[in-house]
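Below is data26.cif, holding mmCIF, C-alpha atoms and all ligand atoms.
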data_entry
loop_
_atom_site.label_atom_id
_atom_site.label_comp_id
_atom_site.auth_asym_id
_atom_site.auth_seq_id
_atom_site.Cartn_x
_atom_site.Cartn_y
_atom_site.Cartn_z
CA MET A 1 -137.17 41.36 -64.46
CA TYR A 2 -136.69 38.45 -62.08
CA LEU A 3 -139.08 35.51 -61.65
CA HIS A 4 -138.71 33.10 -58.72
CA LEU A 5 -139.63 29.45 -59.17
CA PRO A 6 -139.55 27.97 -55.64
CA PHE A 7 -139.29 24.21 -56.27
CA CYS A 8 -136.38 21.83 -55.79
CA ARG A 9 -136.16 18.08 -56.14
CA ASP A 10 -134.59 17.81 -52.70
CA ARG A 11 -133.60 20.35 -50.09
CA CYS A 12 -129.86 21.01 -49.72
CA THR A 13 -128.51 20.84 -46.18
CA TYR A 14 -127.45 24.51 -46.18
CA CYS A 15 -130.45 26.03 -47.97
CA SER A 16 -132.26 29.05 -46.57
CA PHE A 17 -134.06 30.11 -49.76
CA ALA A 18 -137.83 30.12 -50.24
CA THR A 19 -138.12 26.67 -51.82
CA THR A 20 -140.05 23.46 -51.30
CA ARG A 21 -139.99 19.85 -52.47
CA ASP A 22 -143.79 19.84 -52.61
CA ASP A 23 -144.35 19.90 -56.37
CA SER A 24 -148.14 19.63 -55.92
CA LEU A 25 -147.97 23.43 -55.56
CA GLN A 26 -146.14 23.89 -58.87
CA PRO A 27 -149.14 24.21 -61.26
CA ALA A 28 -150.82 26.86 -59.08
CA THR A 29 -147.54 28.73 -58.59
CA VAL A 30 -146.75 28.79 -62.31
CA ALA A 31 -150.30 29.95 -63.11
CA ARG A 32 -150.00 32.73 -60.53
CA LEU A 33 -146.56 33.75 -61.81
CA ALA A 34 -148.02 34.10 -65.31
CA ALA A 35 -151.02 36.05 -63.98
CA GLN A 36 -148.77 38.35 -61.93
CA VAL A 37 -146.56 39.00 -64.96
CA GLN A 38 -149.68 39.98 -66.88
CA SER A 39 -150.98 42.24 -64.16
CA TRP A 40 -147.63 43.98 -63.56
CA GLY A 41 -147.25 44.49 -67.31
CA ASN A 42 -150.65 46.20 -67.40
CA ALA A 43 -150.06 48.22 -64.24
CA LEU A 44 -146.71 49.53 -65.48
CA GLU A 45 -148.07 50.06 -69.02
CA HIS A 46 -145.95 47.44 -70.76
CA PRO A 47 -142.50 48.82 -69.95
CA ARG A 48 -139.29 47.91 -71.72
CA VAL A 49 -137.32 45.04 -70.17
CA ASP A 50 -133.74 44.45 -71.19
CA THR A 51 -132.75 41.51 -68.96
CA LEU A 52 -134.71 38.51 -67.75
CA TYR A 53 -133.71 36.08 -65.02
CA LEU A 54 -135.67 32.99 -64.04
CA GLY A 55 -134.18 31.86 -60.71
CA GLY A 56 -135.07 29.69 -57.78
CA GLY A 57 -135.29 27.09 -56.52
CA THR A 58 -134.76 25.01 -59.62
CA PRO A 59 -136.37 26.53 -62.74
CA SER A 60 -135.13 23.56 -64.74
CA LEU A 61 -137.88 21.52 -62.99
CA LEU A 62 -140.49 23.37 -65.08
CA SER A 63 -141.96 21.37 -67.90
CA LEU A 64 -141.41 22.91 -71.32
CA GLU A 65 -145.16 23.68 -71.45
CA GLU A 66 -144.87 25.61 -68.18
CA LEU A 67 -141.75 27.42 -69.36
CA ASN A 68 -143.55 28.26 -72.59
CA ALA A 69 -146.55 29.63 -70.64
CA LEU A 70 -144.31 31.87 -68.52
CA THR A 71 -142.26 33.04 -71.50
CA SER A 72 -145.42 33.87 -73.48
CA ALA A 73 -146.85 35.79 -70.52
CA ILE A 74 -143.68 37.90 -70.33
CA GLN A 75 -143.65 38.47 -74.10
CA GLY A 76 -147.30 39.51 -74.02
CA ALA A 77 -147.06 41.89 -71.07
CA PHE A 78 -143.68 43.60 -71.50
CA ASP A 79 -141.76 45.21 -74.34
CA LEU A 80 -138.83 42.86 -74.91
CA SER A 81 -137.48 44.69 -77.98
CA PRO A 82 -134.37 45.87 -76.05
CA LEU A 83 -133.75 42.40 -74.53
CA LEU A 84 -130.01 41.78 -74.06
CA GLU A 85 -129.98 38.66 -71.93
CA ALA A 86 -132.40 35.97 -70.69
CA THR A 87 -130.90 33.73 -68.00
CA LEU A 88 -132.24 30.45 -66.68
CA GLU A 89 -130.97 28.99 -63.44
CA ALA A 90 -130.59 25.23 -63.60
CA ASN A 91 -129.32 22.50 -61.35
CA PRO A 92 -127.20 19.64 -62.65
CA GLY A 93 -129.14 16.43 -62.94
CA THR A 94 -132.46 18.16 -63.70
CA VAL A 95 -131.83 18.93 -67.38
CA ASP A 96 -131.77 16.82 -70.52
CA PHE A 97 -130.90 17.73 -74.08
CA SER A 98 -134.47 18.14 -75.37
CA TRP A 99 -135.48 20.37 -72.44
CA LEU A 100 -132.40 22.55 -72.93
CA GLN A 101 -133.01 22.76 -76.65
CA GLY A 102 -136.67 23.66 -76.03
CA ALA A 103 -135.67 26.37 -73.55
CA ARG A 104 -133.17 27.76 -76.02
CA ARG A 105 -135.86 27.86 -78.74
CA LEU A 106 -138.11 29.84 -76.41
CA GLY A 107 -135.43 32.55 -76.36
CA TRP A 108 -133.53 31.82 -73.13
CA ASP A 109 -129.90 32.40 -74.10
CA ARG A 110 -127.87 32.14 -70.89
CA ILE A 111 -127.75 29.40 -68.28
CA SER A 112 -126.44 29.53 -64.74
CA MET A 113 -125.67 26.10 -63.36
CA GLY A 114 -125.51 25.39 -59.60
CA VAL A 115 -122.35 23.27 -59.64
CA GLN A 116 -120.92 24.22 -56.18
CA THR A 117 -118.10 21.66 -56.33
CA LEU A 118 -117.11 18.64 -58.40
CA ASP A 119 -116.15 16.62 -55.31
CA ASP A 120 -118.77 13.91 -54.75
CA GLU A 121 -118.12 13.65 -51.02
CA LEU A 122 -118.55 17.39 -50.52
CA LEU A 123 -121.67 17.40 -52.73
CA GLY A 124 -123.11 14.66 -50.50
CA ARG A 125 -122.38 16.79 -47.44
CA LEU A 126 -124.26 19.68 -49.05
CA GLY A 127 -127.22 17.40 -49.82
CA ARG A 128 -126.97 18.18 -53.53
CA ILE A 129 -128.76 15.77 -55.88
CA HIS A 130 -125.90 15.60 -58.40
CA ASN A 131 -122.32 14.37 -58.50
CA GLY A 132 -119.33 15.93 -60.23
CA THR A 133 -119.70 13.87 -63.42
CA VAL A 134 -123.36 14.88 -63.77
CA ALA A 135 -122.42 18.55 -63.30
CA LEU A 136 -119.91 18.39 -66.16
CA GLU A 137 -122.39 16.45 -68.33
CA SER A 138 -125.15 19.02 -67.70
CA LEU A 139 -122.83 21.87 -68.71
CA GLU A 140 -121.85 20.03 -71.87
CA LEU A 141 -125.50 19.26 -72.73
CA ALA A 142 -126.30 22.97 -72.35
CA ARG A 143 -123.48 23.82 -74.76
CA GLN A 144 -124.69 21.26 -77.29
CA ALA A 145 -128.24 22.60 -76.99
CA GLY A 146 -127.03 26.06 -78.01
CA PHE A 147 -126.36 27.79 -74.67
CA HIS A 148 -123.13 29.56 -75.57
CA ARG A 149 -123.47 31.78 -72.51
CA ARG A 150 -122.91 29.52 -69.51
CA SER A 151 -122.10 30.36 -65.91
CA GLY A 152 -121.20 28.06 -63.02
CA ASP A 153 -121.55 28.61 -59.27
CA LEU A 154 -118.67 27.46 -57.11
CA MET A 155 -118.94 27.30 -53.33
CA VAL A 156 -116.11 27.99 -50.89
CA GLY A 157 -116.05 27.10 -47.18
CA ILE A 158 -117.59 23.61 -47.34
CA PRO A 159 -116.56 21.35 -44.44
CA GLY A 160 -113.65 19.21 -45.68
CA GLN A 161 -112.87 21.39 -48.71
CA ASP A 162 -109.29 22.48 -49.26
CA LEU A 163 -107.45 24.81 -51.61
CA SER A 164 -106.16 22.17 -54.01
CA ARG A 165 -109.69 20.80 -54.52
CA VAL A 166 -111.10 24.27 -55.26
CA LEU A 167 -108.33 25.00 -57.76
CA GLU A 168 -108.78 21.65 -59.46
CA ASP A 169 -112.56 22.21 -59.76
CA THR A 170 -111.97 25.71 -61.12
CA ARG A 171 -109.60 24.48 -63.82
CA ARG A 172 -111.92 21.65 -64.85
CA LEU A 173 -114.92 23.99 -65.02
CA VAL A 174 -113.11 26.65 -67.03
CA ALA A 175 -111.85 23.90 -69.36
CA THR A 176 -115.50 23.19 -70.27
CA GLY A 177 -115.61 26.68 -71.83
CA LEU A 178 -117.62 28.47 -69.10
CA GLU A 179 -117.59 32.19 -69.76
CA HIS A 180 -118.65 33.21 -66.24
CA MET A 181 -118.22 31.96 -62.67
CA SER A 182 -119.77 33.07 -59.40
CA ILE A 183 -117.86 32.25 -56.23
CA TYR A 184 -119.97 32.01 -53.07
CA LEU A 185 -119.03 31.56 -49.46
CA LEU A 186 -121.09 28.88 -47.69
CA ASP A 187 -123.47 30.92 -45.55
CA LEU A 188 -124.85 29.22 -42.43
CA ASP A 189 -126.61 32.26 -40.99
CA LYS A 190 -130.01 30.66 -40.80
CA ASN A 191 -131.05 27.37 -39.21
CA CYS A 192 -130.43 24.41 -41.49
CA PRO A 193 -129.27 20.77 -41.09
CA LEU A 194 -125.66 21.61 -41.98
CA LYS A 195 -125.56 24.29 -39.30
CA ALA A 196 -126.87 21.74 -36.78
CA ASP A 197 -124.11 19.28 -37.83
CA VAL A 198 -121.48 21.97 -37.36
CA GLY A 199 -123.00 23.05 -34.02
CA ALA A 200 -122.97 19.45 -32.76
CA GLY A 201 -119.32 18.99 -33.80
CA ARG A 202 -120.11 16.35 -36.44
CA LEU A 203 -118.62 18.58 -39.15
CA THR A 204 -116.04 21.36 -38.97
CA LEU A 205 -116.03 24.46 -41.11
CA PRO A 206 -112.69 25.46 -42.66
CA SER A 207 -110.96 28.23 -40.68
CA GLU A 208 -111.42 31.86 -41.71
CA ASP A 209 -107.74 31.94 -42.69
CA SER A 210 -108.02 28.97 -45.01
CA VAL A 211 -111.18 30.40 -46.62
CA ALA A 212 -109.37 33.73 -47.15
CA THR A 213 -106.42 31.85 -48.69
CA ILE A 214 -108.82 30.14 -51.13
CA PHE A 215 -110.41 33.45 -52.16
CA GLU A 216 -106.95 35.00 -52.63
CA ALA A 217 -105.81 32.04 -54.73
CA LEU A 218 -108.93 32.36 -56.92
CA GLN A 219 -108.20 36.06 -57.40
CA VAL A 220 -105.00 34.92 -59.12
CA GLU A 221 -106.13 31.69 -60.75
CA LEU A 222 -109.35 32.81 -62.45
CA PRO A 223 -107.75 35.76 -64.32
CA ARG A 224 -104.89 33.42 -65.28
CA LEU A 225 -107.56 31.20 -66.88
CA GLY A 226 -109.11 34.19 -68.68
CA LEU A 227 -112.00 35.04 -66.33
CA LEU A 228 -111.57 38.55 -64.99
CA PRO A 229 -113.14 39.87 -61.79
CA TYR A 230 -115.88 42.46 -62.27
CA GLU A 231 -117.64 42.17 -58.90
CA ILE A 232 -116.66 40.83 -55.47
CA SER A 233 -118.00 37.32 -56.23
CA ASN A 234 -118.12 37.27 -60.03
CA TYR A 235 -115.61 36.60 -62.79
CA ALA A 236 -116.19 36.59 -66.55
CA ASN A 237 -114.53 36.55 -69.93
CA PRO A 238 -114.31 40.15 -71.18
CA GLY A 239 -117.81 41.14 -72.38
CA ALA A 240 -119.49 38.13 -70.72
CA GLU A 241 -120.40 39.82 -67.43
CA SER A 242 -123.96 39.16 -66.24
CA LYS A 243 -125.95 42.13 -67.48
CA HIS A 244 -128.87 41.23 -65.27
CA ASN A 245 -126.91 41.10 -62.01
CA SER A 246 -124.96 44.23 -62.97
CA ARG A 247 -128.26 46.11 -62.95
CA TYR A 248 -128.67 45.38 -59.23
CA TRP A 249 -125.28 46.86 -58.41
CA GLU A 250 -125.88 49.83 -60.71
CA ARG A 251 -129.19 50.52 -58.91
CA ARG A 252 -131.30 50.25 -62.03
CA PRO A 253 -135.01 49.53 -61.47
CA TYR A 254 -136.02 45.89 -61.40
CA LEU A 255 -139.21 43.96 -60.88
CA GLY A 256 -139.15 40.65 -59.00
CA ILE A 257 -142.15 38.33 -59.07
CA GLY A 258 -142.60 35.20 -56.96
CA PRO A 259 -142.31 34.11 -53.32
CA SER A 260 -139.53 36.14 -51.61
CA ALA A 261 -138.75 38.11 -54.81
CA ALA A 262 -137.47 41.66 -54.32
CA SER A 263 -138.16 44.76 -56.43
CA HIS A 264 -136.68 48.23 -56.76
CA LEU A 265 -138.51 51.14 -58.35
CA GLY A 266 -137.44 54.70 -57.63
CA ASP A 267 -137.10 54.98 -53.84
CA LEU A 268 -139.44 52.05 -53.22
CA ARG A 269 -138.13 48.60 -52.32
CA TRP A 270 -140.47 45.70 -51.75
CA THR A 271 -140.18 42.00 -51.04
CA GLU A 272 -142.94 39.49 -51.54
CA GLU A 273 -143.69 37.07 -48.71
CA GLY A 274 -141.80 33.78 -48.99
CA ASN A 275 -144.68 31.53 -47.85
CA ILE A 276 -145.14 29.42 -51.00
CA PRO A 277 -148.71 28.08 -50.49
CA ALA A 278 -149.89 31.57 -49.52
CA TRP A 279 -148.13 33.11 -52.52
CA ALA A 280 -149.56 30.52 -54.91
CA ASP A 281 -153.15 31.29 -53.95
CA GLY A 282 -152.75 35.04 -53.68
CA ARG A 283 -152.83 35.42 -49.87
CA ALA A 284 -149.18 36.46 -49.47
CA GLY A 285 -148.29 39.92 -48.24
CA VAL A 286 -145.61 42.34 -49.41
CA GLU A 287 -143.12 44.25 -47.28
CA ILE A 288 -142.64 47.73 -48.69
CA THR A 289 -139.96 50.24 -47.71
CA GLU A 290 -139.58 53.78 -48.95
CA LEU A 291 -136.01 55.00 -48.75
CA ASP A 292 -135.30 58.50 -47.50
CA ALA A 293 -132.73 60.65 -49.30
CA ALA A 294 -129.81 59.49 -47.11
CA GLU A 295 -130.67 55.78 -47.48
CA SER A 296 -131.02 56.22 -51.21
CA LEU A 297 -127.62 57.94 -51.44
CA SER A 298 -126.00 55.22 -49.27
CA GLU A 299 -127.00 52.57 -51.79
CA ILE A 300 -124.66 54.11 -54.38
CA PRO A 301 -121.37 53.23 -52.58
CA MET A 302 -122.81 50.18 -50.80
CA LEU A 303 -123.67 48.50 -54.10
CA GLY A 304 -121.26 50.32 -56.44
CA LEU A 305 -118.13 49.42 -54.45
CA ARG A 306 -118.94 45.75 -55.05
CA LEU A 307 -118.03 46.39 -58.68
CA HIS A 308 -114.37 46.36 -59.64
CA ARG A 309 -114.68 49.62 -61.47
CA GLY A 310 -115.85 51.25 -58.22
CA VAL A 311 -117.84 54.45 -57.77
CA ASP A 312 -117.62 57.83 -59.48
CA TRP A 313 -117.06 59.69 -56.22
CA ASP A 314 -117.19 63.18 -57.77
CA ARG A 315 -120.64 62.38 -59.11
CA LEU A 316 -121.68 60.99 -55.72
CA ARG A 317 -120.57 64.24 -54.04
CA ALA A 318 -122.46 66.28 -56.64
CA GLU A 319 -125.63 64.26 -55.98
CA ALA A 320 -125.12 64.65 -52.23
CA GLU A 321 -124.76 68.40 -52.63
CA LEU A 322 -128.07 68.61 -54.47
CA LYS A 323 -129.75 66.65 -51.67
CA LYS A 324 -127.94 68.70 -48.97
CA LEU A 325 -126.20 65.52 -47.76
CA LEU A 326 -122.54 66.50 -48.16
CA PRO A 327 -121.84 66.06 -44.40
CA LEU A 328 -122.87 62.41 -44.79
CA VAL A 329 -120.32 61.89 -47.58
CA ASP A 330 -117.68 63.72 -45.51
CA SER A 331 -118.31 61.29 -42.66
CA TRP A 332 -117.98 58.31 -45.01
CA GLU A 333 -114.67 59.72 -46.27
CA SER A 334 -113.29 59.95 -42.74
CA GLN A 335 -114.40 56.39 -41.99
CA LEU A 336 -112.82 55.16 -45.26
CA ALA A 337 -109.50 56.96 -44.60
CA PRO A 338 -107.94 54.13 -42.51
CA TYR A 339 -108.94 51.60 -45.16
CA GLU A 340 -107.35 53.84 -47.79
CA GLN A 341 -104.14 54.10 -45.77
CA GLY A 342 -104.15 50.31 -45.35
CA GLY A 343 -104.45 49.80 -49.13
CA LEU A 344 -107.95 48.29 -48.97
CA VAL A 345 -109.63 51.26 -50.65
CA ILE A 346 -108.09 52.97 -53.67
CA ARG A 347 -108.86 56.53 -54.71
CA GLU A 348 -107.80 57.44 -58.25
CA GLY A 349 -108.83 60.90 -59.36
CA GLY A 350 -112.57 61.12 -58.86
CA ASN A 351 -113.03 57.35 -58.58
CA VAL A 352 -113.07 55.16 -55.47
CA ARG A 353 -112.80 51.37 -55.56
CA LEU A 354 -111.80 48.41 -53.41
CA SER A 355 -108.41 46.78 -53.89
CA GLN A 356 -108.18 42.99 -54.24
CA ARG A 357 -107.58 42.69 -50.51
CA GLY A 358 -110.40 45.17 -49.91
CA MET A 359 -112.70 42.80 -51.83
CA LEU A 360 -111.82 40.04 -49.35
CA LEU A 361 -112.67 42.31 -46.42
CA SER A 362 -115.60 44.04 -48.08
CA ASN A 363 -118.15 43.28 -45.34
CA GLY A 364 -116.40 45.56 -42.85
CA ILE A 365 -115.75 48.31 -45.40
CA LEU A 366 -119.28 48.33 -46.81
CA SER A 367 -120.78 48.49 -43.31
CA THR A 368 -119.62 52.16 -43.41
CA PHE A 369 -122.75 52.90 -45.47
CA VAL A 370 -125.33 50.99 -43.43
S1 LIG A 401 -130.84 23.74 -55.20
FE1 LIG A 401 -130.54 25.80 -54.34
S2 LIG A 401 -132.59 26.54 -53.83
FE2 LIG A 401 -132.74 24.31 -54.14
S3 LIG A 401 -132.55 23.43 -52.10
FE3 LIG A 401 -130.50 23.47 -53.00
S4 LIG A 401 -129.61 25.44 -52.33
FE4 LIG A 401 -131.83 25.54 -51.99
#
Full structure transcribed into structure tokens:
Amino acid sequence: MYLHLPFCRDRCTYCSFATTRDDSLQPATVARLAAQVQSWGNALEHPRVDTLYLGGGTPSLLSLEELNALTSAIQGAFDLSPLLEATLEANPGTVDFSWLQGARRLGWDRISMGVQTLDDELLGRLGRIHNGTVALESLELARQAGFHRRSGDLMVGIPGQDLSRVLEDTRRLVATGLEHMSIYLLDLDKNCPLKADVGAGRLTLPSEDSVATIFEALQVELPRLGLLPYEISNYANPGAESKHNSRYWERRPYLGIGPSAASHLGDLRWTEEGNIPAWADGRAGVEITELDAAESLSEIPMLGLRLHRGVDWDRLRAEAELKKLLPLVDSWESQLAPYEQGGLVIREGGNVRLSQRGMLLSNGILSTFV
């Protein structure tokens, strides 16, 4: 289950998420989140939930009373007896020891910290509210408060960022004992102030080649530091992979609640409207899609090939045969053949996966299944 808390202290220059600085909406949003949790729990007859993720936005802006109210609503409406992992997203500079300790006592046992970089100049360019020292302090406070499962986000492709800076940040972050890191490429798809700066020539993005060099270097450096790749963007100590995020790639059902939250149940996919005031007072709509058999089958390689272990291709073919979709799989195989010859896709027995280089070029390969 995923809950979206759409509030941030300030808006980053690259952000395209459903978030706002207007915290006057926070009480109504939290009350509606709790009410929606209750009503989904009733509608689905109190199903078992084995991973929780409170993301945003900045969930660490919740007061402990608000976090307690949300946690109690989840505990009351869902069966948490199989719970394996409860992750809180937090941003450096918004947490203190007593809040972290309180969150830990409420049962949240994993924290994902939006570090992005430890370089103060680059952080300023991104409009982040923290500096590198605060990021390291926040991670240490989380450890002291009992969060032994800690993840950090690192961003690649920031104007002015170079390889040596990324490697230095990586080493310093891993030295704090992080068990998990997510590596993101700065995405300027949507309109945002940073995109306007780049468009006007005030800032220059690193070249595609230098970004690829950074990703390649991280593919070597992170395993050397003990964090092994398990998904295109994610590295973890053995056994410390994010169970929650793995469920997305494994196509397990999930329920998302909050503005812009997405859900997956059977062949239904739905996304709640991202308009925060409308969501808070119950006027927001929902966009629902029902997948047909071919779309549903396509999700298996599209999501599964993101994982390092790849896809059980024999099983995929067997499922396709049942659904009378073997010609579709045959056509994928012919489209994948050049990638296989080029060493980007690896077929071993009945398993298909991307090579390290294939991971770097995954967008093109995965478009085979769109
Ligand atoms: S902290 Fe994250 S969600 Fe909030 S404004 Fe920055 S990028 Fe957006």
Which of these, A:Asn351, A:Ser263, A:Asn91, A:Gln38, has the shortest distance to ligand LIG 401 (chain A) once you count all atoms listed in the file?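 Among the listed residues, A:Asn91 lies closest to ligand LIG 401 (chain A).
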Env. residues ligand LIG 401 (chain A) / 8 Å / only C-alpha atoms and all ligand atoms / as a PyMOL selection string: chain A and resi 6-20+56-58+91+114+127-128
Pick out the closest residue to Ser246 (chain A) from this set: A:Leu307, A:Leu173, A:Leu325, A:Leu194. Count all atoms listed in the file. A:Leu307
Give me the residues within 8 Å of region 180-188 of chain A as a PDB file with C-alpha atoms, in the frame of the given file, counting all atoms listed in the file and dropping any in the same chain fewer than 6 places off.
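In the end it all went to around.pdb:
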ATOM      1  CA  TYR A  14    -127.450  24.510 -46.180  1.00  0.00           C
ATOM      2  CA  ARG A 150    -122.910  29.520 -69.510  1.00  0.00           C
ATOM      3  CA  SER A 151    -122.100  30.360 -65.910  1.00  0.00           C
ATOM      4  CA  GLY A 152    -121.200  28.060 -63.020  1.00  0.00           C
ATOM      5  CA  ASP A 153    -121.550  28.610 -59.270  1.00  0.00           C
ATOM      6  CA  LEU A 154    -118.670  27.460 -57.110  1.00  0.00           C
ATOM      7  CA  MET A 155    -118.940  27.300 -53.330  1.00  0.00           C
ATOM      8  CA  VAL A 156    -116.110  27.990 -50.890  1.00  0.00           C
ATOM      9  CA  GLY A 157    -116.050  27.100 -47.180  1.00  0.00           C
ATOM     10  CA  ILE A 158    -117.590  23.610 -47.340  1.00  0.00           C
ATOM     11  CA  LEU A 194    -125.660  21.610 -41.980  1.00  0.00           C
ATOM     12  CA  LYS A 195    -125.560  24.290 -39.300  1.00  0.00           C
ATOM     13  CA  LEU A 227    -112.000  35.040 -66.330  1.00  0.00           C
ATOM     14  CA  SER A 233    -118.000  37.320 -56.230  1.00  0.00           C
ATOM     15  CA  ASN A 234    -118.120  37.270 -60.030  1.00  0.00           C
ATOM     16  CA  TYR A 235    -115.610  36.600 -62.790  1.00  0.00           C
ATOM     17  CA  ALA A 236    -116.190  36.590 -66.550  1.00  0.00           C
ATOM     18  CA  ASN A 237    -114.530  36.550 -69.930  1.00  0.00           C
ATOM     19  CA  ALA A 240    -119.490  38.130 -70.720  1.00  0.00           C
ATOM     20  CA  GLU A 241    -120.400  39.820 -67.430  1.00  0.00           C
ATOM     21  CA  SER A 242    -123.960  39.160 -66.240  1.00  0.00           C
TER      22      SER A 242
END
So, with only C-alpha atoms as the atoms that count, which of A:Ala280, A:Leu328, A:Leu70, A:Leu316 lies closest to Ser24 (chain A)? A:Ala280
